[in-house]
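*Asks:* Sharing input.cif below, mmCIF, N, CA and C atoms:
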data_work
loop_
_atom_site.label_atom_id
_atom_site.label_comp_id
_atom_site.auth_asym_id
_atom_site.auth_seq_id
_atom_site.Cartn_x
_atom_site.Cartn_y
_atom_site.Cartn_z
N MET A 1 4.78 7.72 -15.48
CA MET A 1 5.14 6.97 -14.28
C MET A 1 6.59 6.49 -14.38
N VAL A 2 7.25 6.41 -13.25
CA VAL A 2 8.63 5.96 -13.20
C VAL A 2 8.71 4.56 -13.82
N GLU A 3 9.74 4.36 -14.63
CA GLU A 3 9.87 3.10 -15.37
C GLU A 3 10.05 1.88 -14.47
N LYS A 4 10.98 1.96 -13.53
CA LYS A 4 11.25 0.82 -12.66
C LYS A 4 11.14 1.27 -11.20
N THR A 5 10.32 0.56 -10.44
CA THR A 5 10.15 0.88 -9.03
C THR A 5 10.46 -0.34 -8.18
N ASN A 6 10.77 -0.10 -6.93
CA ASN A 6 11.09 -1.18 -6.00
C ASN A 6 10.24 -1.14 -4.74
N GLY A 7 9.16 -0.36 -4.73
CA GLY A 7 8.35 -0.16 -3.54
C GLY A 7 7.88 -1.46 -2.90
N GLY A 8 7.28 -2.33 -3.69
CA GLY A 8 6.77 -3.60 -3.16
C GLY A 8 7.88 -4.46 -2.58
N PHE A 9 9.01 -4.53 -3.30
CA PHE A 9 10.16 -5.30 -2.83
C PHE A 9 10.68 -4.73 -1.51
N LEU A 10 10.82 -3.41 -1.46
CA LEU A 10 11.33 -2.76 -0.24
C LEU A 10 10.39 -2.98 0.94
N ILE A 11 9.09 -2.87 0.70
CA ILE A 11 8.11 -3.09 1.78
C ILE A 11 8.22 -4.53 2.30
N THR A 12 8.35 -5.48 1.40
CA THR A 12 8.49 -6.89 1.81
C THR A 12 9.75 -7.09 2.64
N LYS A 13 10.87 -6.54 2.19
CA LYS A 13 12.13 -6.66 2.95
C LYS A 13 12.01 -5.99 4.32
N ILE A 14 11.42 -4.81 4.35
CA ILE A 14 11.24 -4.09 5.62
C ILE A 14 10.41 -4.93 6.57
N LYS A 15 9.33 -5.50 6.07
CA LYS A 15 8.45 -6.32 6.91
C LYS A 15 9.21 -7.52 7.49
N GLN A 16 10.01 -8.17 6.67
CA GLN A 16 10.78 -9.33 7.15
C GLN A 16 11.79 -8.93 8.22
N ILE A 17 12.57 -7.92 7.94
CA ILE A 17 13.61 -7.49 8.88
C ILE A 17 12.98 -6.90 10.14
N GLN A 18 11.91 -6.11 9.97
CA GLN A 18 11.22 -5.53 11.11
C GLN A 18 10.73 -6.62 12.05
N GLY A 19 10.21 -7.70 11.50
CA GLY A 19 9.72 -8.81 12.31
C GLY A 19 10.83 -9.43 13.14
N ARG A 20 11.99 -9.62 12.53
CA ARG A 20 13.13 -10.20 13.26
C ARG A 20 13.64 -9.25 14.34
N VAL A 21 13.74 -7.97 14.02
CA VAL A 21 14.19 -6.98 15.01
C VAL A 21 13.20 -6.90 16.16
N PHE A 22 11.91 -6.93 15.85
CA PHE A 22 10.89 -6.84 16.89
C PHE A 22 10.95 -8.05 17.82
N GLU A 23 11.13 -9.24 17.26
CA GLU A 23 11.26 -10.45 18.07
C GLU A 23 12.48 -10.35 18.99
N LYS A 24 13.56 -9.81 18.46
CA LYS A 24 14.78 -9.62 19.25
C LYS A 24 14.53 -8.64 20.41
N LEU A 25 13.81 -7.56 20.12
CA LEU A 25 13.49 -6.58 21.16
C LEU A 25 12.60 -7.19 22.24
N LEU A 26 11.61 -7.99 21.83
CA LEU A 26 10.77 -8.65 22.81
C LEU A 26 11.62 -9.47 23.77
N ALA A 27 12.59 -10.20 23.22
CA ALA A 27 13.48 -11.01 24.05
C ALA A 27 14.33 -10.13 24.96
N GLU A 28 14.87 -9.03 24.42
CA GLU A 28 15.70 -8.12 25.21
C GLU A 28 14.91 -7.51 26.37
N TYR A 29 13.63 -7.26 26.16
CA TYR A 29 12.78 -6.68 27.20
C TYR A 29 12.15 -7.76 28.10
N GLY A 30 12.55 -9.00 27.88
CA GLY A 30 12.07 -10.08 28.72
C GLY A 30 10.62 -10.47 28.50
N ILE A 31 10.13 -10.21 27.30
CA ILE A 31 8.74 -10.58 26.99
C ILE A 31 8.75 -11.93 26.27
N SER A 32 8.31 -12.94 26.98
CA SER A 32 8.25 -14.28 26.39
C SER A 32 6.81 -14.79 26.33
N GLU A 33 5.89 -13.99 26.83
CA GLU A 33 4.49 -14.41 26.92
C GLU A 33 3.80 -14.47 25.56
N PHE A 34 4.33 -13.74 24.57
CA PHE A 34 3.74 -13.74 23.23
C PHE A 34 4.81 -13.36 22.23
N ASN A 35 4.54 -13.66 20.95
CA ASN A 35 5.47 -13.27 19.90
C ASN A 35 4.97 -11.99 19.21
N GLY A 36 5.72 -11.51 18.24
CA GLY A 36 5.37 -10.25 17.58
C GLY A 36 4.01 -10.28 16.91
N ALA A 37 3.70 -11.38 16.23
CA ALA A 37 2.41 -11.48 15.54
C ALA A 37 1.26 -11.48 16.55
N GLN A 38 1.43 -12.19 17.65
CA GLN A 38 0.41 -12.20 18.70
C GLN A 38 0.31 -10.82 19.34
N GLY A 39 1.43 -10.13 19.44
CA GLY A 39 1.44 -8.78 19.99
C GLY A 39 0.57 -7.84 19.17
N ARG A 40 0.53 -8.05 17.87
CA ARG A 40 -0.31 -7.23 16.99
C ARG A 40 -1.78 -7.40 17.35
N ILE A 41 -2.16 -8.63 17.66
CA ILE A 41 -3.55 -8.91 18.07
C ILE A 41 -3.82 -8.25 19.41
N LEU A 42 -2.90 -8.45 20.35
CA LEU A 42 -3.08 -7.86 21.68
C LEU A 42 -3.15 -6.33 21.60
N PHE A 43 -2.32 -5.74 20.74
CA PHE A 43 -2.31 -4.29 20.58
C PHE A 43 -3.71 -3.78 20.19
N VAL A 44 -4.32 -4.45 19.22
CA VAL A 44 -5.66 -4.04 18.78
C VAL A 44 -6.65 -4.18 19.94
N LEU A 45 -6.53 -5.27 20.69
CA LEU A 45 -7.45 -5.49 21.81
C LEU A 45 -7.19 -4.51 22.96
N TRP A 46 -5.96 -4.10 23.15
CA TRP A 46 -5.67 -3.08 24.17
C TRP A 46 -6.37 -1.77 23.80
N GLU A 47 -6.47 -1.51 22.51
CA GLU A 47 -7.14 -0.29 22.04
C GLU A 47 -8.65 -0.43 22.09
N GLN A 48 -9.15 -1.63 21.78
CA GLN A 48 -10.60 -1.86 21.74
C GLN A 48 -10.87 -3.31 22.11
N ASP A 49 -11.12 -3.55 23.37
CA ASP A 49 -11.34 -4.90 23.89
C ASP A 49 -12.76 -5.37 23.61
N GLY A 50 -12.92 -6.67 23.52
CA GLY A 50 -14.25 -7.24 23.38
C GLY A 50 -14.86 -7.12 22.00
N ILE A 51 -14.02 -7.09 20.97
CA ILE A 51 -14.54 -6.94 19.61
C ILE A 51 -14.74 -8.30 18.95
N PRO A 52 -15.61 -8.36 17.95
CA PRO A 52 -15.83 -9.62 17.24
C PRO A 52 -14.59 -10.01 16.42
N ILE A 53 -14.50 -11.30 16.12
CA ILE A 53 -13.37 -11.79 15.33
C ILE A 53 -13.27 -11.07 13.99
N SER A 54 -14.41 -10.79 13.37
CA SER A 54 -14.39 -10.12 12.06
C SER A 54 -13.72 -8.74 12.16
N ALA A 55 -14.03 -7.99 13.21
CA ALA A 55 -13.42 -6.67 13.40
C ALA A 55 -11.93 -6.81 13.70
N LEU A 56 -11.58 -7.82 14.48
CA LEU A 56 -10.18 -8.05 14.81
C LEU A 56 -9.39 -8.41 13.55
N SER A 57 -9.99 -9.21 12.69
CA SER A 57 -9.38 -9.57 11.41
C SER A 57 -9.12 -8.33 10.57
N GLU A 58 -10.12 -7.47 10.50
CA GLU A 58 -9.99 -6.24 9.71
C GLU A 58 -8.90 -5.33 10.28
N LYS A 59 -8.88 -5.16 11.58
CA LYS A 59 -7.93 -4.23 12.21
C LYS A 59 -6.49 -4.74 12.19
N THR A 60 -6.30 -6.07 12.23
CA THR A 60 -4.95 -6.63 12.20
C THR A 60 -4.46 -6.92 10.79
N GLY A 61 -5.42 -7.02 9.85
CA GLY A 61 -5.05 -7.38 8.49
C GLY A 61 -4.80 -8.87 8.32
N LEU A 62 -5.17 -9.64 9.33
CA LEU A 62 -4.97 -11.09 9.27
C LEU A 62 -6.24 -11.77 8.77
N ALA A 63 -6.06 -12.79 7.93
CA ALA A 63 -7.20 -13.57 7.47
C ALA A 63 -7.83 -14.28 8.66
N LYS A 64 -9.13 -14.49 8.61
CA LYS A 64 -9.83 -15.12 9.73
C LYS A 64 -9.27 -16.50 10.06
N THR A 65 -8.86 -17.25 9.04
CA THR A 65 -8.30 -18.59 9.30
C THR A 65 -6.98 -18.49 10.05
N THR A 66 -6.13 -17.56 9.67
CA THR A 66 -4.85 -17.34 10.36
C THR A 66 -5.12 -16.86 11.78
N LEU A 67 -6.04 -15.93 11.89
CA LEU A 67 -6.38 -15.34 13.17
C LEU A 67 -6.91 -16.38 14.14
N THR A 68 -7.74 -17.28 13.65
CA THR A 68 -8.33 -18.31 14.51
C THR A 68 -7.27 -19.16 15.19
N SER A 69 -6.26 -19.60 14.44
CA SER A 69 -5.22 -20.43 15.05
C SER A 69 -4.37 -19.62 16.03
N MET A 70 -4.15 -18.34 15.74
CA MET A 70 -3.40 -17.49 16.66
C MET A 70 -4.20 -17.24 17.93
N LEU A 71 -5.50 -17.07 17.78
CA LEU A 71 -6.37 -16.88 18.95
C LEU A 71 -6.41 -18.14 19.80
N ASP A 72 -6.36 -19.30 19.16
CA ASP A 72 -6.30 -20.56 19.91
C ASP A 72 -5.10 -20.56 20.85
N ARG A 73 -3.94 -20.15 20.31
CA ARG A 73 -2.72 -20.13 21.13
C ARG A 73 -2.80 -19.07 22.24
N LEU A 74 -3.35 -17.91 21.91
CA LEU A 74 -3.49 -16.86 22.92
C LEU A 74 -4.47 -17.28 24.01
N GLU A 75 -5.50 -18.01 23.63
CA GLU A 75 -6.47 -18.49 24.62
C GLU A 75 -5.83 -19.57 25.50
N LYS A 76 -5.09 -20.47 24.87
CA LYS A 76 -4.42 -21.55 25.61
C LYS A 76 -3.40 -20.99 26.61
N SER A 77 -2.76 -19.88 26.23
CA SER A 77 -1.77 -19.27 27.13
C SER A 77 -2.41 -18.33 28.15
N GLY A 78 -3.73 -18.20 28.12
CA GLY A 78 -4.44 -17.42 29.13
C GLY A 78 -4.49 -15.92 28.89
N HIS A 79 -4.30 -15.50 27.62
CA HIS A 79 -4.29 -14.06 27.32
C HIS A 79 -5.63 -13.52 26.84
N ILE A 80 -6.45 -14.40 26.26
CA ILE A 80 -7.76 -13.96 25.77
C ILE A 80 -8.82 -14.99 26.14
N VAL A 81 -10.06 -14.55 26.10
CA VAL A 81 -11.20 -15.48 26.21
C VAL A 81 -12.17 -15.14 25.09
N ARG A 82 -12.82 -16.18 24.62
CA ARG A 82 -13.86 -16.01 23.60
C ARG A 82 -15.21 -16.10 24.30
N THR A 83 -16.07 -15.16 23.99
CA THR A 83 -17.41 -15.19 24.55
C THR A 83 -18.43 -14.94 23.44
N PHE A 84 -19.59 -15.55 23.59
CA PHE A 84 -20.66 -15.30 22.63
C PHE A 84 -21.32 -13.98 22.95
N ASP A 85 -21.63 -13.22 21.91
CA ASP A 85 -22.35 -11.96 22.07
C ASP A 85 -23.77 -12.29 22.50
N PRO A 86 -24.22 -11.75 23.64
CA PRO A 86 -25.57 -12.06 24.12
C PRO A 86 -26.67 -11.63 23.13
N ALA A 87 -26.39 -10.59 22.34
CA ALA A 87 -27.38 -10.10 21.38
C ALA A 87 -27.42 -10.94 20.10
N ASP A 88 -26.30 -11.63 19.81
CA ASP A 88 -26.23 -12.45 18.59
C ASP A 88 -25.27 -13.61 18.85
N ARG A 89 -25.82 -14.77 19.15
CA ARG A 89 -25.02 -15.93 19.53
C ARG A 89 -24.08 -16.40 18.42
N ARG A 90 -24.27 -15.93 17.19
CA ARG A 90 -23.36 -16.30 16.10
C ARG A 90 -22.06 -15.51 16.17
N THR A 91 -22.07 -14.41 16.90
CA THR A 91 -20.90 -13.53 17.00
C THR A 91 -20.09 -13.89 18.24
N VAL A 92 -18.80 -14.16 17.99
CA VAL A 92 -17.87 -14.44 19.09
C VAL A 92 -17.02 -13.20 19.32
N ARG A 93 -16.97 -12.77 20.55
CA ARG A 93 -16.16 -11.59 20.91
C ARG A 93 -14.88 -12.05 21.59
N ILE A 94 -13.81 -11.30 21.34
CA ILE A 94 -12.51 -11.61 21.91
C ILE A 94 -12.21 -10.59 23.00
N THR A 95 -11.95 -11.10 24.19
CA THR A 95 -11.71 -10.23 25.35
C THR A 95 -10.38 -10.58 25.99
N LEU A 96 -9.66 -9.57 26.40
CA LEU A 96 -8.38 -9.76 27.09
C LEU A 96 -8.59 -10.25 28.51
N THR A 97 -7.65 -11.04 28.99
CA THR A 97 -7.64 -11.42 30.40
C THR A 97 -6.82 -10.37 31.16
N GLU A 98 -6.89 -10.42 32.46
CA GLU A 98 -6.13 -9.47 33.28
C GLU A 98 -4.64 -9.63 33.04
N SER A 99 -4.16 -10.86 32.87
CA SER A 99 -2.72 -11.07 32.64
C SER A 99 -2.28 -10.40 31.34
N ALA A 100 -3.11 -10.42 30.32
CA ALA A 100 -2.77 -9.76 29.05
C ALA A 100 -2.78 -8.25 29.20
N ARG A 101 -3.72 -7.74 29.98
CA ARG A 101 -3.77 -6.28 30.21
C ARG A 101 -2.49 -5.79 30.88
N ARG A 102 -1.94 -6.62 31.77
CA ARG A 102 -0.72 -6.23 32.48
C ARG A 102 0.51 -6.19 31.57
N LEU A 103 0.44 -6.82 30.41
CA LEU A 103 1.58 -6.85 29.49
C LEU A 103 1.68 -5.59 28.63
N ARG A 104 0.65 -4.79 28.64
CA ARG A 104 0.58 -3.63 27.75
C ARG A 104 1.76 -2.67 27.93
N GLU A 105 2.09 -2.36 29.15
CA GLU A 105 3.15 -1.38 29.40
C GLU A 105 4.49 -1.85 28.82
N LYS A 106 4.83 -3.10 29.07
CA LYS A 106 6.09 -3.63 28.52
C LYS A 106 6.07 -3.62 26.99
N TYR A 107 4.93 -3.98 26.41
CA TYR A 107 4.80 -3.99 24.96
C TYR A 107 4.97 -2.59 24.40
N GLU A 108 4.40 -1.60 25.08
CA GLU A 108 4.51 -0.23 24.60
C GLU A 108 5.95 0.27 24.66
N GLU A 109 6.74 -0.21 25.63
CA GLU A 109 8.16 0.14 25.68
C GLU A 109 8.88 -0.42 24.46
N VAL A 110 8.57 -1.66 24.11
CA VAL A 110 9.19 -2.29 22.93
C VAL A 110 8.76 -1.54 21.67
N SER A 111 7.49 -1.19 21.57
CA SER A 111 6.98 -0.45 20.41
C SER A 111 7.67 0.90 20.27
N ALA A 112 7.87 1.59 21.39
CA ALA A 112 8.55 2.89 21.35
C ALA A 112 9.99 2.72 20.86
N LYS A 113 10.66 1.68 21.33
CA LYS A 113 12.02 1.41 20.89
C LYS A 113 12.03 1.08 19.40
N MET A 114 11.05 0.31 18.95
CA MET A 114 10.95 -0.05 17.54
C MET A 114 10.76 1.20 16.69
N ASN A 115 9.90 2.11 17.13
CA ASN A 115 9.69 3.36 16.39
C ASN A 115 10.97 4.19 16.33
N GLU A 116 11.71 4.19 17.42
CA GLU A 116 12.99 4.91 17.48
C GLU A 116 13.94 4.36 16.41
N ILE A 117 14.01 3.04 16.32
CA ILE A 117 14.88 2.39 15.32
C ILE A 117 14.35 2.67 13.91
N PHE A 118 13.06 2.50 13.74
CA PHE A 118 12.42 2.62 12.44
C PHE A 118 12.62 4.01 11.84
N TYR A 119 12.45 5.04 12.66
CA TYR A 119 12.47 6.41 12.15
C TYR A 119 13.76 7.17 12.48
N LYS A 120 14.81 6.47 12.80
CA LYS A 120 16.10 7.11 13.10
C LYS A 120 16.52 7.99 11.92
N GLY A 121 16.81 9.26 12.21
CA GLY A 121 17.26 10.18 11.19
C GLY A 121 16.15 10.86 10.40
N PHE A 122 14.90 10.56 10.70
CA PHE A 122 13.76 11.17 10.01
C PHE A 122 13.29 12.40 10.79
N SER A 123 12.89 13.43 10.06
CA SER A 123 12.25 14.58 10.70
C SER A 123 10.77 14.24 10.90
N ASP A 124 10.10 15.00 11.74
CA ASP A 124 8.66 14.80 11.94
C ASP A 124 7.91 14.95 10.62
N ARG A 125 8.31 15.90 9.82
CA ARG A 125 7.67 16.14 8.52
C ARG A 125 7.85 14.93 7.60
N GLU A 126 9.04 14.37 7.59
CA GLU A 126 9.30 13.19 6.76
C GLU A 126 8.47 12.00 7.22
N ILE A 127 8.35 11.82 8.52
CA ILE A 127 7.55 10.72 9.07
C ILE A 127 6.10 10.88 8.64
N THR A 128 5.57 12.08 8.80
CA THR A 128 4.18 12.35 8.44
C THR A 128 3.94 12.09 6.96
N SER A 129 4.84 12.57 6.12
CA SER A 129 4.71 12.39 4.67
C SER A 129 4.81 10.91 4.30
N PHE A 130 5.77 10.21 4.88
CA PHE A 130 5.97 8.79 4.62
C PHE A 130 4.72 7.99 4.98
N GLU A 131 4.18 8.24 6.16
CA GLU A 131 3.01 7.49 6.60
C GLU A 131 1.77 7.85 5.78
N LYS A 132 1.68 9.09 5.35
CA LYS A 132 0.57 9.49 4.48
C LYS A 132 0.66 8.71 3.16
N ASN A 133 1.85 8.61 2.61
CA ASN A 133 2.03 7.88 1.35
C ASN A 133 1.77 6.39 1.52
N LEU A 134 2.20 5.82 2.64
CA LEU A 134 1.89 4.41 2.89
C LEU A 134 0.37 4.20 2.99
N GLY A 135 -0.30 5.14 3.62
CA GLY A 135 -1.76 5.08 3.71
C GLY A 135 -2.42 5.10 2.34
N ARG A 136 -1.87 5.89 1.43
CA ARG A 136 -2.40 5.94 0.06
C ARG A 136 -2.20 4.60 -0.64
N ILE A 137 -1.03 4.01 -0.46
CA ILE A 137 -0.76 2.70 -1.06
C ILE A 137 -1.72 1.66 -0.50
N LEU A 138 -1.89 1.68 0.81
CA LEU A 138 -2.82 0.74 1.45
C LEU A 138 -4.23 0.91 0.90
N LYS A 139 -4.66 2.15 0.75
CA LYS A 139 -5.99 2.42 0.19
C LYS A 139 -6.11 1.87 -1.22
N ASN A 140 -5.10 2.10 -2.06
CA ASN A 140 -5.11 1.60 -3.43
C ASN A 140 -5.23 0.07 -3.45
N LEU A 141 -4.45 -0.59 -2.63
CA LEU A 141 -4.47 -2.05 -2.60
C LEU A 141 -5.79 -2.58 -2.04
N THR A 142 -6.32 -1.92 -1.02
CA THR A 142 -7.58 -2.35 -0.41
C THR A 142 -8.71 -2.22 -1.42
N GLU A 143 -8.72 -1.14 -2.18
CA GLU A 143 -9.74 -0.95 -3.21
C GLU A 143 -9.65 -2.04 -4.28
N LYS A 144 -8.45 -2.39 -4.67
CA LYS A 144 -8.24 -3.42 -5.70
C LYS A 144 -8.65 -4.80 -5.19
N GLU A 145 -8.42 -5.03 -3.91
CA GLU A 145 -8.74 -6.33 -3.32
C GLU A 145 -10.25 -6.59 -3.31
N LYS A 146 -11.05 -5.54 -3.15
CA LYS A 146 -12.51 -5.69 -3.03
C LYS A 146 -13.16 -6.05 -4.32
#
I need this file expressed as structure tokens, please.
*Replies:*
Amino acid sequence: MVEKTNGGFLITKIKQIQGRVFEKLLAEYGISEFNGAQGRILFVLWEQDGIPISALSEKTGLAKTTLTSMLDRLEKSGHIVRTFDPADRRTVRITLTESARRLREKYEEVSAKMNEIFYKGFSDREITSFEKNLGRILKNLTEKEK
């Protein structure tokens, strides 16, 4: 194995800078209804609305405690509603409001711009390989976490 690696450090730096760039893009596109972290939650719900908090936690990678406070803010701003699952009253489902659904198109424009910045100068093959390797790292860490 390579003696000295910087993968973890680089990923941390990328995450920090990516967050700042994404917030800047949201502002440039006139999106003030939510921040980048809340956008991650909305993105998952745009893909699969009405899911339980546990599934949302898994899909976003956010701890349930962190997610709960973020959902409080999204609910207060009128973007989501919490409903009890009729089949199991212990399960709370998170559903988008119509106002949140209307934000999807603008968010997707920002995401496309972010991808353009992120992968500038990369070939399709390089992108595929890079993401495959990140997936392997994620799998390794997820296995260790369990």
*Asks:* Which residues of range 94-120 of chain A have any atom within 12 Å of an atom in range 39-45 of chain A when counting only C-alpha atoms, and what is the closest pair of atoms for each, with the distance in Å to one decimal? Order the rows by chain and rising number and write it as JSON lines.
*Replies:*
{"residue": "A:Ile94", "atom": "CA", "partner": "A:Leu45", "partner_atom": "CA", "distance": 7.9}
{"residue": "A:Thr95", "atom": "CA", "partner": "A:Leu45", "partner_atom": "CA", "distance": 7.3}
{"residue": "A:Leu96", "atom": "CA", "partner": "A:Leu45", "partner_atom": "CA", "distance": 6.9}
{"residue": "A:Thr97", "atom": "CA", "partner": "A:Leu45", "partner_atom": "CA", "distance": 10.4}
{"residue": "A:Ser99", "atom": "CA", "partner": "A:Leu42", "partner_atom": "CA", "distance": 11.4}
{"residue": "A:Ala100", "atom": "CA", "partner": "A:Leu42", "partner_atom": "CA", "distance": 7.6}
{"residue": "A:Arg101", "atom": "CA", "partner": "A:Leu42", "partner_atom": "CA", "distance": 8.7}
{"residue": "A:Arg102", "atom": "CA", "partner": "A:Leu42", "partner_atom": "CA", "distance": 11.2}
{"residue": "A:Leu103", "atom": "CA", "partner": "A:Leu42", "partner_atom": "CA", "distance": 9.2}
{"residue": "A:Arg104", "atom": "CA", "partner": "A:Phe43", "partner_atom": "CA", "distance": 7.8}
{"residue": "A:Glu105", "atom": "CA", "partner": "A:Phe43", "partner_atom": "CA", "distance": 10.8}
{"residue": "A:Lys106", "atom": "CA", "partner": "A:Gly39", "partner_atom": "CA", "distance": 11.0}
{"residue": "A:Tyr107", "atom": "CA", "partner": "A:Gly39", "partner_atom": "CA", "distance": 7.7}
{"residue": "A:Glu108", "atom": "CA", "partner": "A:Phe43", "partner_atom": "CA", "distance": 8.9}
{"residue": "A:Val110", "atom": "CA", "partner": "A:Gly39", "partner_atom": "CA", "distance": 10.5}
{"residue": "A:Ser111", "atom": "CA", "partner": "A:Gly39", "partner_atom": "CA", "distance": 10.0}
*Asks:* Enclose the full set of atoms of range 127-137 of chain A listed in the file within a box whose edges lie along x, y and z, apply 4 Å of padding to each of the six sides, and report centre and edge lengths in Å to one decimal as JSON.
*Replies:*
{"center_x": 3.0, "center_y": 7.1, "center_z": 4.0, "size_x": 18.8, "size_y": 18.9, "size_z": 18.1}
*Asks:* Find the residues near Lys64 in chain A: any atom within 8 Å, counting all atoms listed in the file, skip ones fewer than 6 places away on the same chain, and give them as a list in words.
*Replies:*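 Here the qualifying residues turn out to be Ile53, Ser54, Leu56, Ser57, Glu58 and Met70 of chain A.
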*Asks:* Can I get the selection written as a PDB file, in the coordinates of the input, with N, CA and C atoms?
*Replies:*
ATOM      1  N   ILE A  53     -14.500 -11.300  16.120  1.00  0.00           N
ATOM      2  CA  ILE A  53     -13.370 -11.790  15.330  1.00  0.00           C
ATOM      3  C   ILE A  53     -13.270 -11.070  13.990  1.00  0.00           C
ATOM      4  N   SER A  54     -14.410 -10.790  13.370  1.00  0.00           N
ATOM      5  CA  SER A  54     -14.390 -10.120  12.060  1.00  0.00           C
ATOM      6  C   SER A  54     -13.720  -8.740  12.160  1.00  0.00           C
ATOM      7  N   LEU A  56     -11.580  -7.820  14.480  1.00  0.00           N
ATOM      8  CA  LEU A  56     -10.180  -8.050  14.810  1.00  0.00           C
ATOM      9  C   LEU A  56      -9.390  -8.410  13.550  1.00  0.00           C
ATOM     10  N   SER A  57      -9.990  -9.210  12.690  1.00  0.00           N
ATOM     11  CA  SER A  57      -9.380  -9.570  11.410  1.00  0.00           C
ATOM     12  C   SER A  57      -9.120  -8.330  10.570  1.00  0.00           C
ATOM     13  N   GLU A  58     -10.120  -7.470  10.500  1.00  0.00           N
ATOM     14  CA  GLU A  58      -9.990  -6.240   9.710  1.00  0.00           C
ATOM     15  C   GLU A  58      -8.900  -5.330  10.280  1.00  0.00           C
ATOM     16  N   MET A  70      -4.150 -18.340  15.740  1.00  0.00           N
ATOM     17  CA  MET A  70      -3.400 -17.490  16.660  1.00  0.00           C
ATOM     18  C   MET A  70      -4.200 -17.240  17.930  1.00  0.00           C
TER      19      MET A  70
END
*Asks:* Taking the backbone alone, and naming residues the way the document does, which bits of chain A are strand (DSSP E or B) by DSSP, as a list in words?
*Replies:*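 Assigned to strand (DSSP E or B), within chain A: Ile51, Pro52, Ile80, Val81, Arg82, Thr83, Phe84, Asp85, Asp88, Arg89, Arg90, Thr91, Val92, Arg93, Ile94, Thr95 and Leu96 of chain A.
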*Asks:* Report as a VMD selection string the residues that result from applying the PyMOL selection byres ((chain A and resi 50) around 5) to the structure here.
*Replies:* chain A and resid 48 to 49 51 to 52 93 to 95
*Asks:* Rounded to one decimal, what separation in Å do you get between atom N of Thr68 in chain A and atom C of Ile31 in chain A?
*Replies:*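 Spanning atom N of Thr68 in chain A to atom C of Ile31 in chain A is a straight-line distance of 21.4 Å.
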*Asks:* Which value, in Å to one decimal, gives the distance between atom N of Ile14 in chain A and atom C of Ala63 in chain A?
*Replies:*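 Atom C of Ala63 in chain A lies at a distance of 21.9 Å from atom N of Ile14 in chain A.
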*Asks:* Please determine, counting only C-alpha atoms, which residue among A:Leu10, A:Lys59, A:Glu33, A:Ile127 has the shortest atom-to-atom distance to Asn115 in chain A.
*Replies:*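 Result for the nearest residue to Asn115 in chain A: A:Ile127.
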*Asks:* Run DSSP on the backbone and grab whatever in chain A lands in helix (DSSP H, G or I); send it over as a VMD selection string.
*Replies:* chain A and resid 7 to 28 36 to 47 53 to 60 64 to 76 98 to 102 104 to 118 124 to 145
*Asks:* What is the distance between CA of Ser32 in chain A and atom N of Ile11 in chain A, in Å to one decimal?
*Replies:* 28.1 Å
